[in-house]
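model_16.txt, holding compact mmCIF, C-alpha atoms:
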```
# COMPACT_ATOMS: atom_id res chain seq x y z
CA MET A 1 63.51 164.90 117.14
CA LYS A 2 63.60 161.97 114.72
CA LEU A 3 64.62 162.53 111.12
CA PRO A 4 61.82 161.76 108.63
CA ASP A 5 62.43 158.82 106.30
CA THR A 6 62.21 161.06 103.23
CA MET A 7 64.59 162.72 100.76
CA GLU A 8 64.49 165.80 102.96
CA GLY A 9 65.59 163.69 105.92
CA ALA A 10 68.43 162.24 103.84
CA PHE A 11 69.65 165.71 102.84
CA VAL A 12 69.44 167.04 106.39
CA LEU A 13 71.28 163.98 107.74
CA SER A 14 74.00 164.31 105.09
CA VAL A 15 74.56 168.04 105.51
CA ILE A 16 74.63 167.93 109.32
CA ASP A 17 76.82 164.81 109.41
CA PHE A 18 79.33 166.12 106.85
CA PHE A 19 79.56 169.49 108.59
CA LEU A 20 79.98 167.93 112.05
CA CYS A 21 82.59 165.56 110.68
CA PHE A 22 84.71 168.57 109.79
CA VAL A 23 84.07 170.10 113.21
CA PHE A 24 85.11 166.95 115.10
CA ILE A 25 88.09 166.20 112.90
CA GLY A 26 89.13 169.84 113.13
CA ALA A 27 88.88 169.63 116.92
CA ILE A 28 91.05 166.50 116.93
CA GLY A 29 93.53 168.33 114.72
CA GLY A 30 93.47 171.25 117.15
CA VAL A 31 94.22 168.93 120.07
CA LEU A 32 97.04 167.30 118.10
CA ALA A 33 98.51 170.74 117.37
CA LEU A 34 99.05 171.09 121.16
CA PHE A 35 100.96 167.81 121.41
CA PRO A 36 104.45 169.26 120.90
CA TRP A 37 103.95 171.05 124.25
CA LEU A 38 103.79 167.63 125.94
CA ASN A 39 107.50 167.22 125.29
CA ARG A 40 108.21 170.00 127.79
CA LEU A 41 106.78 167.76 130.55
CA GLY A 42 109.45 165.19 130.10
CA GLU A 43 110.77 162.39 127.99
CA ILE A 44 110.09 158.66 127.86
CA LYS A 45 113.00 156.50 126.83
CA GLU A 46 112.53 154.58 123.62
CA GLU A 47 114.04 151.26 124.68
CA LYS A 48 111.66 148.44 125.60
CA TYR A 49 111.47 146.96 129.08
CA MET B 1 66.11 93.01 96.57
CA TYR B 2 66.67 95.15 93.48
CA ASP B 3 63.85 97.50 94.47
CA GLN B 4 65.25 97.78 97.99
CA PHE B 5 68.70 98.60 96.63
CA MET B 6 67.35 101.24 94.26
CA GLY B 7 65.24 102.69 97.07
CA LEU B 8 68.29 103.01 99.31
CA MET B 9 70.35 104.62 96.53
CA TYR B 10 67.51 107.09 95.87
CA ASP B 11 67.31 108.01 99.59
CA LEU B 12 71.07 108.53 99.59
CA LEU B 13 70.80 110.80 96.57
CA LEU B 14 68.07 112.87 98.26
CA GLN B 15 70.40 113.50 101.19
CA THR B 16 73.04 115.08 98.97
CA GLY B 17 72.92 118.71 97.87
CA LEU B 18 72.61 117.77 94.18
CA THR B 19 68.83 117.82 94.23
CA GLN B 20 68.78 121.35 95.71
CA LEU B 21 71.31 122.93 93.37
CA TRP B 22 69.95 125.73 91.20
CA TRP B 23 71.48 128.21 88.73
CA GLY B 24 71.86 130.86 91.47
CA ASN B 25 74.24 128.59 93.35
CA ILE B 26 76.33 128.13 90.22
CA VAL B 27 76.53 131.91 89.69
CA MET B 28 77.61 132.52 93.29
CA ILE B 29 80.16 129.69 93.15
CA ILE B 30 81.65 131.46 90.13
CA VAL B 31 81.61 134.76 92.12
CA GLY B 32 83.47 132.98 94.94
CA GLY B 33 85.94 131.68 92.39
CA ILE B 34 86.52 135.20 91.07
CA LEU B 35 87.20 136.44 94.61
CA LEU B 36 89.72 133.62 95.07
CA TYR B 37 91.35 134.50 91.75
CA LEU B 38 91.66 138.14 92.78
CA GLY B 39 93.10 137.16 96.16
CA ILE B 40 95.45 134.33 95.20
CA TYR B 41 96.57 135.14 91.65
CA LYS B 42 96.32 138.93 91.54
CA LYS B 43 97.20 139.22 95.26
CA TYR B 44 94.50 141.84 95.96
CA GLU B 45 94.00 141.74 99.75
CA PRO B 46 94.44 137.96 100.01
CA PHE B 47 93.90 137.98 103.79
CA LEU B 48 90.33 139.05 103.13
CA LEU B 49 89.38 137.64 99.76
CA VAL B 50 90.64 134.08 100.26
CA GLY B 51 88.40 133.48 103.29
CA ILE B 52 85.42 135.30 101.77
CA GLY B 53 85.78 133.52 98.43
CA MET B 54 86.06 130.04 99.92
CA ALA B 55 83.17 130.57 102.34
CA CYS B 56 81.05 131.96 99.48
CA ILE B 57 81.64 128.79 97.48
CA VAL B 58 80.82 126.55 100.46
CA ALA B 59 77.70 128.57 101.29
CA ASN B 60 76.38 127.94 97.78
CA VAL B 61 76.93 124.20 97.79
CA PRO B 62 73.54 122.99 99.06
CA GLY B 63 73.66 120.69 102.03
CA SER B 64 76.80 122.16 103.59
CA ASP B 65 76.53 121.77 107.33
CA LEU B 66 79.07 124.52 107.93
CA VAL B 67 76.55 127.28 107.23
CA LYS B 68 73.53 125.68 108.86
CA PRO B 69 72.58 126.39 112.52
CA GLY B 70 75.16 124.55 114.60
CA GLY B 71 77.85 124.78 111.92
CA LEU B 72 81.16 126.58 112.38
CA PHE B 73 80.43 129.35 109.84
CA TYR B 74 77.04 129.88 111.50
CA TYR B 75 78.75 130.63 114.83
CA ALA B 76 81.32 132.83 113.09
CA TYR B 77 78.44 134.90 111.78
CA ALA B 78 76.92 134.98 115.27
CA GLY B 79 80.10 136.71 116.44
CA VAL B 80 79.67 139.34 113.74
CA GLN B 81 75.96 139.77 114.53
CA SER B 82 76.64 140.31 118.22
CA LEU B 83 79.19 143.02 117.32
CA ILE B 84 82.04 141.23 119.10
CA VAL B 85 84.18 140.79 115.99
CA PRO B 86 84.53 144.41 114.70
CA PRO B 87 85.90 145.85 117.98
CA LEU B 88 88.41 142.98 118.21
CA ILE B 89 89.53 143.71 114.66
CA PHE B 90 90.13 147.31 115.69
CA LEU B 91 92.11 146.15 118.74
CA GLY B 92 94.47 144.31 116.41
CA VAL B 93 94.62 147.17 113.91
CA GLY B 94 95.47 149.64 116.69
CA ALA B 95 98.27 147.37 117.88
CA MET B 96 99.80 147.40 114.41
CA THR B 97 99.37 151.09 113.61
CA ASP B 98 101.82 153.93 114.10
CA PHE B 99 99.81 157.14 114.44
CA GLY B 100 103.00 159.22 114.31
CA PRO B 101 102.34 160.59 110.77
CA MET B 102 98.92 161.84 111.87
CA ILE B 103 100.28 163.43 115.06
CA ALA B 104 103.19 165.01 113.18
CA ASN B 105 101.03 167.01 110.76
CA PRO B 106 97.68 167.88 112.35
CA SER B 107 96.59 170.12 109.46
CA LEU B 108 96.32 167.10 107.16
CA VAL B 109 93.67 165.41 109.33
CA ILE B 110 91.06 167.60 107.65
CA LEU B 111 91.51 165.41 104.57
CA GLY B 112 90.09 162.57 106.67
CA ALA B 113 86.80 164.48 106.70
CA ALA B 114 86.90 165.82 103.13
CA ALA B 115 87.34 162.38 101.60
CA HIS B 116 84.07 161.23 103.18
CA LEU B 117 81.81 163.24 100.90
CA GLY B 118 81.30 159.95 99.06
CA ILE B 119 79.43 158.55 102.07
CA PHE B 120 76.75 161.19 101.79
CA VAL B 121 76.47 161.12 98.02
CA ALA B 122 75.88 157.36 98.27
CA LEU B 123 73.41 157.90 101.13
CA ILE B 124 71.34 160.33 99.07
CA GLY B 125 71.65 158.07 96.03
CA ALA B 126 70.37 155.11 98.03
CA LYS B 127 67.39 157.13 99.24
CA VAL B 128 66.58 158.14 95.66
CA LEU B 129 66.67 154.45 94.71
CA GLY B 130 64.09 153.58 97.34
CA PHE B 131 66.05 152.35 100.34
CA THR B 132 64.95 153.48 103.81
CA LEU B 133 66.96 156.20 105.56
CA ALA B 134 68.60 153.66 107.90
CA GLU B 135 69.50 151.38 104.98
CA SER B 136 70.83 154.37 103.04
CA GLY B 137 73.07 155.31 105.95
CA ALA B 138 74.47 151.78 106.16
CA ILE B 139 75.07 151.73 102.38
CA GLY B 140 76.70 155.17 102.48
CA ILE B 141 79.28 154.04 105.02
CA ILE B 142 80.77 151.77 102.36
CA GLY B 143 82.36 154.99 101.10
CA GLY B 144 84.37 155.22 104.30
CA ALA B 145 86.35 152.15 103.15
CA ASP B 146 86.48 150.80 106.69
CA GLY B 147 85.41 147.15 106.78
CA PRO B 148 84.73 146.74 110.52
CA MET B 149 82.91 150.08 110.60
CA ALA B 150 80.77 149.06 107.61
CA ILE B 151 79.84 145.82 109.39
CA TYR B 152 79.14 147.68 112.63
CA MET B 153 76.87 150.20 110.91
CA ALA B 154 75.12 147.51 108.86
CA MET B 155 74.31 145.50 112.00
CA LYS B 156 72.99 148.63 113.71
CA LEU B 157 71.02 150.11 110.81
CA ALA B 158 70.28 147.40 108.25
CA PRO B 159 71.19 143.87 109.39
CA ASP B 160 69.46 142.31 106.37
CA LEU B 161 71.91 144.08 104.07
CA LEU B 162 75.03 142.93 105.93
CA PRO B 163 76.19 140.45 103.25
CA GLN B 164 75.97 142.97 100.41
CA ILE B 165 77.44 145.87 102.39
CA SER B 166 80.36 143.90 103.81
CA VAL B 167 81.21 142.27 100.47
CA ALA B 168 81.03 145.64 98.69
CA ALA B 169 83.16 147.35 101.34
CA TYR B 170 85.90 144.70 101.43
CA SER B 171 85.92 144.12 97.67
CA TYR B 172 86.27 147.81 96.87
CA MET B 173 89.00 148.16 99.52
CA ALA B 174 90.87 145.38 97.75
CA LEU B 175 90.32 147.01 94.35
CA MET B 176 91.40 150.48 95.47
CA PRO B 177 94.65 150.34 93.43
CA LEU B 178 92.45 150.07 90.33
CA ILE B 179 89.68 152.48 91.30
CA GLN B 180 91.54 155.48 92.71
CA PRO B 181 94.42 156.29 90.31
CA PRO B 182 92.31 157.39 87.30
CA VAL B 183 90.39 159.84 89.49
CA MET B 184 93.62 161.11 91.07
CA ARG B 185 95.24 161.72 87.67
CA LEU B 186 92.11 163.37 86.29
CA LEU B 187 91.89 165.91 89.12
CA THR B 188 95.57 166.86 89.42
CA THR B 189 98.20 168.36 87.15
CA LYS B 190 101.57 166.77 86.40
CA GLU B 191 103.33 169.48 88.41
CA GLU B 192 101.07 168.94 91.42
CA ARG B 193 101.67 165.19 91.35
CA GLY B 194 105.41 165.81 91.41
CA ILE B 195 105.41 167.97 94.57
CA ILE B 196 107.87 166.68 97.16
CA MET B 197 106.69 167.41 100.69
CA GLU B 198 108.86 168.37 103.69
CA GLN B 199 109.90 165.68 106.14
CA PRO B 200 107.36 165.47 108.98
CA ARG B 201 108.60 166.36 112.47
CA TYR B 202 109.76 163.77 114.98
CA VAL B 203 106.96 162.51 117.26
CA SER B 204 108.09 161.53 120.75
CA ARG B 205 107.15 158.41 122.67
CA LEU B 206 105.26 160.54 125.22
CA GLU B 207 103.07 161.99 122.49
CA LYS B 208 102.36 158.53 121.10
CA ILE B 209 101.34 157.30 124.56
CA VAL B 210 99.11 160.28 125.34
CA PHE B 211 97.42 160.18 121.92
CA PRO B 212 95.29 157.02 122.40
CA ILE B 213 94.25 158.08 125.90
CA VAL B 214 93.11 161.53 124.78
CA ILE B 215 91.28 160.23 121.71
CA ALA B 216 89.51 157.52 123.73
CA ILE B 217 88.24 160.15 126.16
CA ILE B 218 87.09 162.49 123.37
CA VAL B 219 85.25 159.77 121.45
CA ASN B 220 83.58 158.28 124.53
CA LEU B 221 82.42 161.77 125.59
CA PHE B 222 81.14 163.02 122.26
CA LEU B 223 80.42 159.95 120.11
CA PRO B 224 79.24 157.13 122.38
CA PRO B 225 77.63 155.11 119.54
CA VAL B 226 81.03 154.35 118.00
CA ALA B 227 83.00 154.40 121.23
CA PRO B 228 83.41 150.57 121.29
CA LEU B 229 85.30 150.56 117.99
CA ILE B 230 87.53 153.58 118.56
CA THR B 231 88.22 152.68 122.20
CA MET B 232 89.47 149.25 121.16
CA LEU B 233 91.54 150.87 118.39
CA MET B 234 93.12 153.16 120.97
CA LEU B 235 93.63 150.33 123.48
CA GLY B 236 95.51 148.34 120.85
CA ASN B 237 97.58 151.39 120.01
CA LEU B 238 98.40 152.04 123.66
CA LEU B 239 99.55 148.43 124.05
CA ARG B 240 101.93 149.03 121.14
CA GLU B 241 103.22 152.43 122.14
CA CYS B 242 103.76 152.00 125.88
CA LEU B 243 106.56 149.44 125.21
CA VAL B 244 105.92 147.58 128.49
CA VAL B 245 103.42 144.96 127.29
CA ASP B 246 105.11 143.61 124.19
CA ARG B 247 103.49 140.19 124.48
CA LEU B 248 100.01 141.69 124.60
CA ALA B 249 100.71 144.01 121.68
CA ASP B 250 102.18 141.14 119.65
CA THR B 251 99.17 138.94 120.43
CA ALA B 252 96.62 141.66 119.64
CA GLY B 253 98.28 142.59 116.37
CA GLY B 254 99.33 139.05 115.49
CA ALA B 255 97.58 135.86 116.53
CA LEU B 256 94.35 137.48 117.74
CA LEU B 257 93.98 139.62 114.62
CA ASN B 258 94.66 136.62 112.41
CA ILE B 259 92.04 134.52 114.20
CA ILE B 260 89.44 137.27 114.11
CA THR B 261 90.18 137.99 110.44
CA LEU B 262 89.61 134.32 109.67
CA VAL B 263 86.33 134.33 111.60
CA LEU B 264 85.20 137.56 109.95
CA THR B 265 85.98 136.53 106.39
CA VAL B 266 84.27 133.14 106.63
CA ALA B 267 81.30 134.81 108.34
CA ILE B 268 80.95 137.32 105.50
CA GLY B 269 81.39 134.67 102.81
CA SER B 270 78.89 132.36 104.48
CA THR B 271 76.16 135.01 104.10
CA MET B 272 76.62 135.12 100.33
CA GLY B 273 74.01 132.48 99.63
CA ALA B 274 72.36 132.87 96.23
CA GLU B 275 68.88 133.26 97.69
CA ASN B 276 70.00 136.32 99.74
CA PHE B 277 72.53 137.75 97.35
CA LEU B 278 71.17 137.49 93.83
CA ASN B 279 68.69 140.32 93.75
CA MET B 280 68.42 143.90 92.49
CA LYS B 281 69.30 145.34 95.91
CA THR B 282 72.75 143.73 95.70
CA LEU B 283 73.45 145.28 92.31
CA LEU B 284 72.30 148.70 93.50
CA ILE B 285 74.45 148.49 96.65
CA ILE B 286 77.50 147.48 94.64
CA ALA B 287 76.91 150.39 92.23
CA LEU B 288 76.38 152.86 95.09
CA GLY B 289 79.55 151.60 96.78
CA LEU B 290 81.55 152.35 93.65
CA VAL B 291 80.02 155.84 93.44
CA ALA B 292 80.93 156.45 97.10
CA PHE B 293 84.56 155.45 96.50
CA LEU B 294 84.91 157.55 93.36
CA VAL B 295 83.34 160.67 94.90
CA GLY B 296 85.32 160.25 98.12
CA THR B 297 88.58 159.95 96.20
CA GLY B 298 87.72 163.05 94.19
CA SER B 299 86.65 165.15 97.16
CA GLY B 300 89.80 164.24 99.10
CA VAL B 301 92.04 165.19 96.17
CA LEU B 302 90.19 168.46 95.57
CA CYS B 303 90.46 169.42 99.25
CA ALA B 304 94.18 168.66 99.13
CA ARG B 305 94.50 170.89 96.04
CA VAL B 306 92.90 173.74 97.99
CA MET B 307 95.26 173.12 100.91
CA ASN B 308 98.17 173.07 98.46
CA LYS B 309 97.17 176.49 97.12
CA ILE B 310 96.77 177.92 100.63
CA SER B 311 100.11 176.49 101.80
CA GLY B 312 101.96 177.88 98.79
CA GLY B 313 102.61 174.60 97.03
CA LYS B 314 103.77 172.48 99.98
CA ILE B 315 101.12 169.76 99.88
CA ASN B 316 100.97 167.09 97.19
CA PRO B 317 97.26 166.73 96.32
CA LEU B 318 97.68 162.99 95.76
CA ILE B 319 97.62 162.46 99.52
CA GLY B 320 94.04 163.74 99.60
CA SER B 321 92.72 160.46 98.23
CA ALA B 322 94.27 158.70 101.23
CA GLY B 323 91.65 160.36 103.43
CA ILE B 324 89.54 157.33 102.63
CA ALA B 325 90.02 155.09 105.63
CA SER B 326 91.44 151.95 104.07
CA VAL B 327 94.77 151.77 105.95
CA PRO B 328 97.37 151.44 104.47
CA ILE B 329 96.02 150.64 101.02
CA ALA B 330 94.92 154.18 100.17
CA ALA B 331 98.23 155.65 101.39
CA ARG B 332 100.10 153.10 99.29
CA VAL B 333 98.06 154.10 96.21
CA SER B 334 99.00 157.78 96.76
CA HIS B 335 102.65 156.75 97.08
CA VAL B 336 102.62 154.64 93.90
CA VAL B 337 100.91 157.32 91.79
CA GLY B 338 103.40 159.88 93.13
CA LEU B 339 106.32 157.61 92.17
CA GLU B 340 105.05 157.52 88.58
CA GLU B 341 105.75 161.27 88.30
CA ASN B 342 108.93 161.38 90.33
CA ARG B 343 110.95 158.30 91.30
CA ASN B 344 112.37 160.19 94.29
CA ASN B 345 109.01 161.19 95.73
CA PHE B 346 108.15 159.06 98.79
CA LEU B 347 104.65 160.09 99.74
CA ILE B 348 103.73 157.09 101.90
CA MET B 349 104.47 158.64 105.30
CA HIS B 350 102.76 161.90 104.34
CA ALA B 351 99.73 160.01 103.01
CA MET B 352 99.50 157.95 106.19
CA GLY B 353 98.44 161.07 108.10
CA PRO B 354 95.17 161.60 106.19
CA ASN B 355 94.76 157.83 105.84
CA LEU B 356 94.75 157.39 109.63
CA ALA B 357 92.55 160.45 110.04
CA GLY B 358 90.14 158.79 107.65
CA VAL B 359 89.57 156.03 110.20
CA PHE B 360 88.36 158.66 112.63
CA GLY B 361 86.44 160.39 109.86
CA THR B 362 84.46 157.22 109.12
CA ALA B 363 83.87 156.59 112.81
CA ILE B 364 82.73 160.18 113.37
CA SER B 365 80.42 160.06 110.32
CA GLY B 366 78.97 156.78 111.53
CA GLY B 367 78.62 157.92 115.11
CA ILE B 368 76.80 161.10 114.15
CA MET B 369 74.57 159.09 111.80
CA LEU B 370 73.65 156.66 114.58
CA ALA B 371 72.97 159.55 116.95
CA LEU B 372 70.78 161.42 114.45
CA LEU B 373 68.87 158.28 113.49
CA GLY B 374 68.23 157.53 117.15
CA VAL B 375 69.90 154.10 117.14
```

Output the file's structure as structure tokens, nothing else.
Amino acid sequence: MKLPDTMEGAFVLSVIDFFLCFVFIGAIGGVLALFPWLNRLGEIKEEKY
Amino acid sequence: MYDQFMGLMYDLLLQTGLTQLWWGNIVMIIVGGILLYLGIYKKYEPFLLVGIGMACIVANVPGSDLVKPGGLFYYAYAGVQSLIVPPLIFLGVGAMTDFGPMIANPSLVILGAAAHLGIFVALIGAKVLGFTLAESGAIGIIGGADGPMAIYMAMKLAPDLLPQISVAAYSYMALMPLIQPPVMRLLTTKEERGIIMEQPRYVSRLEKIVFPIVIAIIVNLFLPPVAPLITMLMLGNLLRECLVVDRLADTAGGALLNIITLVLTVAIGSTMGAENFLNMKTLLIIALGLVAFLVGTGSGVLCARVMNKISGGKINPLIGSAGIASVPIAARVSHVVGLEENRNNFLIMHAMGPNLAGVFGTAISGGIMLALLGV
């Protein structure tokens, strides 16, 4: 379904986009919150090869 | 003999640009001069403004072969048009960026979404002013303060507006230290500005290596329209963090980025010809860009104030304005304004979290926009 090129279309696009932005960013934040568990798998030395 | 001589001199004169010069060229040469002044004397983002300013001046000197088909600036612009340049910029940016602050404090990434309200206010404003929905989307993305993303979206949605959108985006990024602080001070109290945040946790090498791989998979799965940009950002970051390909990371973040920046800035400047640039649309886009930046700064700060209340006073609201994607300028602005209240308050690493999240926020906003507009 294509958005109409009207003010209504602009509002719908803005509301959906802004809301989904929070959803996606929140999901990325949720994934990042699990990252400390990765350290239980092991450790990579810091020095360069 | 005399007539022949005068005839030859007249033909020579016709071949120069003097006969094609008009007042619009003079105005745009002055604009180019102002950009050079801001870059060289005031040192506002010189890596961007010097190239843009010089190319703007050259583009408005009639007869310049550099901007005509076959000229060097013409081919530089072809690289931008074919969307090769923005992903390569992101490769270099990724190779120079430490995403540790973002990984260390995942709750702050939400500021990278909150600070993008400006995009949608500008989008609606552009529609009110008579732009098409696609053009309005491209104009709105200026508020994300991400130059390569603004170029990418402009080429996808409104290629005719690329000069105005790219100049507005890069100019406002450079002027962020002037634009943001008044809004930040207006929306926060003295006590809030003085909040010292806890040290972020240590982020291990393993986490920093897994991060770009996971993000690349997520973005390619859910936001294919902007996958080229974010994937290259993550590739650059992986080159940096894996510690086994130093030469590639140094090249991506060093020589390659410098070359591509040079190409990008002269390409943008070369499109600032008076005949394309001096019209009402340009003024409206520049005004809408400013609105987007101001609203985005405000919404980021207000969201950070809410988070501060919820966390019991642990979050300095000044870092909210860093949710605008301009890395690391916006984070630096948060740090400087924080130092004004408390000389011992080093906000830069805390502000880098939302600042880096803002890059993803702009990409996500753009990707969803492209998906909804069917591009």

* Asked: Suppose you want the space between atom CA of B:Thr16 and atom CA of B:Ile57; what is it in Å?
  -> 16.3 Å

* Skipping near chain neighbours, those fewer than 4 positions away, what residues fall within 9 Å of stretch 324-341 of chain B using all atoms listed in the file, listed as a VMD selection string? -> chain B and resid 97 111 to 116 143 to 147 173 to 174 176 to 177 180 to 181 184 to 185 190 to 191 193 to 195 293 296 to 297 300 316 318 to 320 345 to 362

Give me, as a Markdown table, each residue of chain B that comes within 7 Å of chain A, together with its shortest interatomic pair and the distance in Å at one decimal, counting only C-alpha atoms, with rows ordered by chain and rising residue number.
```
| residue | atom | partner | partner_atom | distance |
| --- | --- | --- | --- | --- |
| B:Ile103 | CA | A:Leu32 | CA | 5.9 |
| B:Pro106 | CA | A:Gly29 | CA | 4.8 |
| B:Ser107 | CA | A:Gly29 | CA | 6.3 |
| B:Val109 | CA | A:Gly29 | CA | 6.1 |
| B:Ile110 | CA | A:Ile25 | CA | 6.2 |
| B:Ala113 | CA | A:Phe22 | CA | 5.5 |
| B:Phe120 | CA | A:Ser14 | CA | 5.3 |
| B:Ile124 | CA | A:Ala10 | CA | 5.9 |
| B:Lys127 | CA | A:Met7 | CA | 6.4 |
| B:Thr132 | CA | A:Asp5 | CA | 6.4 |
| B:Leu133 | CA | A:Asp5 | CA | 5.3 |
| B:Arg205 | CA | A:Ile44 | CA | 6.0 |
| B:Leu206 | CA | A:Ile44 | CA | 5.8 |
| B:Glu207 | CA | A:Phe35 | CA | 6.3 |
| B:Leu243 | CA | A:Lys48 | CA | 5.2 |
| B:Val244 | CA | A:Tyr49 | CA | 5.6 |
| B:Gly361 | CA | A:Cys21 | CA | 6.5 |
| B:Ile364 | CA | A:Cys21 | CA | 6.0 |
| B:Ser365 | CA | A:Cys21 | CA | 5.9 |
| B:Ile368 | CA | A:Asp17 | CA | 6.0 |
| B:Met369 | CA | A:Asp17 | CA | 6.6 |
| B:Leu373 | CA | A:Leu3 | CA | 6.5 |
| B:Gly374 | CA | A:Lys2 | CA | 6.9 |
```

Give the padded box for stretch 284-295 of chain B as AutoDock Vina command-line options: axis-aligned, covering all atoms listed in the file, 4 Å on each side, centre and edge lengths in Å to one decimal.
```
--center_x 78.6 --center_y 154.1 --center_z 94.7 --size_x 20.6 --size_y 21.2 --size_z 12.9
```

* To do: Find the spatial neighbours of B:Ala371, counting all atoms listed in the file, within a cut-off of 9 Å - ignore same-chain residues fewer than 4 positions away - and output them as a VMD selection string.
  => chain B and resid 223 to 225 366 to 367 375

Restricted to C-alpha atoms, what would the selected residues look like written as a compact mmCIF listing (two decimals), keeping the file's coordinate frame?
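Saved as again.txt:
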```txt
# COMPACT_ATOMS: atom_id res chain seq x y z
CA LEU B 223 80.42 159.95 120.11
CA PRO B 224 79.24 157.13 122.38
CA PRO B 225 77.63 155.11 119.54
CA GLY B 366 78.97 156.78 111.53
CA GLY B 367 78.62 157.92 115.11
CA VAL B 375 69.90 154.10 117.14
```

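Rounded to one decimal, atom CA of B:Gly51 and atom CA of B:Gly79 lie 15.9 Å from each other.
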
* Within 8 Å of B:Ala134, counting only C-alpha atoms, which residues show up once you throw out same-chain ones fewer than 4 positions away? Write them as a PyMOL selection string, please. => chain B and resi 138+157-158+373

* Asked: Within 9 Å of (80.4, 132.2, 99.9), all atoms listed in the file: residues as number ranges by chain?
  -> B: 28-29, 31-32, 51-61, 266-274

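Here atom CA of B:Leu372 is placed at a distance of 21.0 Å from atom CA of B:Thr231.
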